[in-house]
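Trainee: Following this message is one structure expressed as structure tokens.
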Amino acid sequence: MPTFALELEFDGAGYAGTALQRDQRTVQGELRRALERIDGPGALTRSSGRLDAGVHAEALVVSCILSKDWEPGALGRAINGNLDHDCRVLRVAAVAEGWDALQAKSRKTYAYRVIERAAAPALERRSWHWRRLVFPQHLQTCAHALVGEHDLSAFAGLRNDGSDSGDPVRKYAAAGWSSAPLPGGGTEWTFCITGLGFLYKQVRGLVGGQIAVAMGQHSLDEFLAAIGAGRSHPKIGQMAPSEGLRLERVAYRSPPAWQALF
């Protein structure tokens, strides 16, 4: 059957995550409804990852199996015509039968945005606001220590299901902070981390832990000790709120032949 890869951008504020949930508005649910309108019932979709409620995406990849053999650009435009304004297909590719967005991926990159200034953001709320970071120089040291193969479950949440007992070790190819001055004063901090897999709420936990070090609430040594220590290690900082987190990109060893929409 015809199989396609879709690249989606969405504002997560209005969604209870990506995965289907009964009586909840989700990205997968809205996408399936749009596909049913244009291709008929029975469309199968598979996401490259599961995002929590409130998390945004610049490029979530979804594979879908349809009944009609669409021209990729026409498919993307037809889907967008049946989606709400907070979710959009950016690119489409025809892929081989059996291609799976989750299984084929090689790594994902997440980004988290922190605003450091006296006034809280009024217009741009996709961030975590702090009036002042006391030791911002520790952020990069924390991030660089995450690169490599580690058990970072000390920073993750629990789903309270079978997934909590799985192997928590993951490999992280890159991690770091960047900063930029804000108009009117203050600093925009962005944490980026790239890896193949991530635990439940792990990126938000890592941001919360690093901010706790930057605020002097925990020492740098405490943060470094939590790396590899497992879930039994005392928590470092709070879980960062979901609105500051976005999936930035999904990479594939053999990327789909994407076609932009015109």
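Within each chain, counting starts at residue 1; across the structure tokens, chains are named A, B, ... in the order shown, with ligands numbered 1 upward in that order.
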Range 8-82 of chain A: which residues are strand (DSSP E) by DSSP, as a PyMOL selection string?
Mentor: chain A and resi 8-10+44-47+56-65
Trainee: How about saving the chosen residues, C-alpha atoms kept, as a PDB file, in the first residue's frame?
Mentor:
```
ATOM      1  CA  LEU A   8       4.825  18.121  11.031  1.00  0.00           C
ATOM      2  CA  GLU A   9       5.174  21.418  12.854  1.00  0.00           C
ATOM      3  CA  PHE A  10       2.794  22.098  15.736  1.00  0.00           C
ATOM      4  CA  LEU A  44      -2.318   3.856   9.658  1.00  0.00           C
ATOM      5  CA  THR A  45       0.126   6.318  11.221  1.00  0.00           C
ATOM      6  CA  ARG A  46       3.342   5.891  13.202  1.00  0.00           C
ATOM      7  CA  SER A  47       5.213   8.752  14.875  1.00  0.00           C
ATOM      8  CA  HIS A  56       6.063  21.682  20.628  1.00  0.00           C
ATOM      9  CA  ALA A  57       7.633  20.341  17.450  1.00  0.00           C
ATOM     10  CA  GLU A  58       9.389  21.947  14.525  1.00  0.00           C
ATOM     11  CA  ALA A  59       9.804  18.692  12.615  1.00  0.00           C
ATOM     12  CA  LEU A  60       8.028  15.613  13.970  1.00  0.00           C
ATOM     13  CA  VAL A  61       8.164  12.845  11.367  1.00  0.00           C
ATOM     14  CA  VAL A  62       5.171  10.532  10.923  1.00  0.00           C
ATOM     15  CA  SER A  63       4.842   7.582   8.546  1.00  0.00           C
ATOM     16  CA  CYS A  64       1.397   6.823   7.170  1.00  0.00           C
ATOM     17  CA  ILE A  65      -0.092   4.046   5.063  1.00  0.00           C
TER      18      ILE A  65
END
```
Trainee: For Leu102 in chain A, work out the shell of residues within 6 Å, counting only C-alpha atoms and skipping chain neighbours fewer than 2 positions away, then give it as a PyMOL selection string.
Mentor: chain A and resi 47-48+100+104-105
Trainee: Using only C-alpha atoms, which protein or nucleic acid residues come within 9 Å of Tyr15 in chain A? Drop anything in the same chain fewer than 3 positions from it, and give the result as a ChimeraX atom specification.
Mentor: /A:11-12,18,24-27,52-55
Trainee: Output the selection as a tab-separated table (two decimals), in the first residue's frame - C-alpha atoms for each residue.
Mentor:
```tsv
chain	number	residue	atom	x	y	z
A	11	ASP	CA	2.20	24.22	18.81
A	12	GLY	CA	1.77	21.73	21.64
A	18	THR	CA	1.08	13.24	20.30
A	24	GLN	CA	-8.33	14.05	24.44
A	25	ARG	CA	-7.13	16.23	21.59
A	26	THR	CA	-3.84	14.79	20.34
A	27	VAL	CA	-1.65	15.33	17.29
A	52	ASP	CA	4.02	14.93	26.12
A	53	ALA	CA	1.23	17.43	26.58
A	54	GLY	CA	2.34	20.99	25.88
A	55	VAL	CA	5.56	20.07	24.05
```
Trainee: I'd like the interatomic distance between CA of Leu261 in chain A and CA of Arg91 in chain A, to a tenth of an Å.
Mentor: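 Between these atoms lies a distance of 6.1 Å.
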Trainee: Take CA of Leu199 in chain A and CA of Val89 in chain A and report the distance between them in Å, one decimal.
Mentor: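 A separation of 26.3 Å between them.
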Trainee: At a cut-off of 12 Å, using only C-alpha atoms, what residues contact Asp167 in chain A? Leave out same-chain residues fewer than 5 positions from it and give the result as a list in words.
Mentor: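 Listing them by chain and then by number gives His150, Asp151, Leu152, Ser153, Gly162, Gly197, Phe198, Leu199, Gly230 and Arg231 of chain A.
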Trainee: I'd like to know which of A:Ala156, A:Arg253, A:Ser219, A:Gln259 is closest to Met239 in chain A, using only C-alpha atoms.
Mentor: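 Nearest candidate to Met239 in chain A out of A:Ala156, A:Arg253, A:Ser219, A:Gln259: A:Ala156.
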Trainee: Expressed in Å to a single decimal, how great is the separation between CA of His218 in chain A and CA of Pro234 in chain A?
Mentor: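 Distance reported for this atom pair: 11.2 Å.
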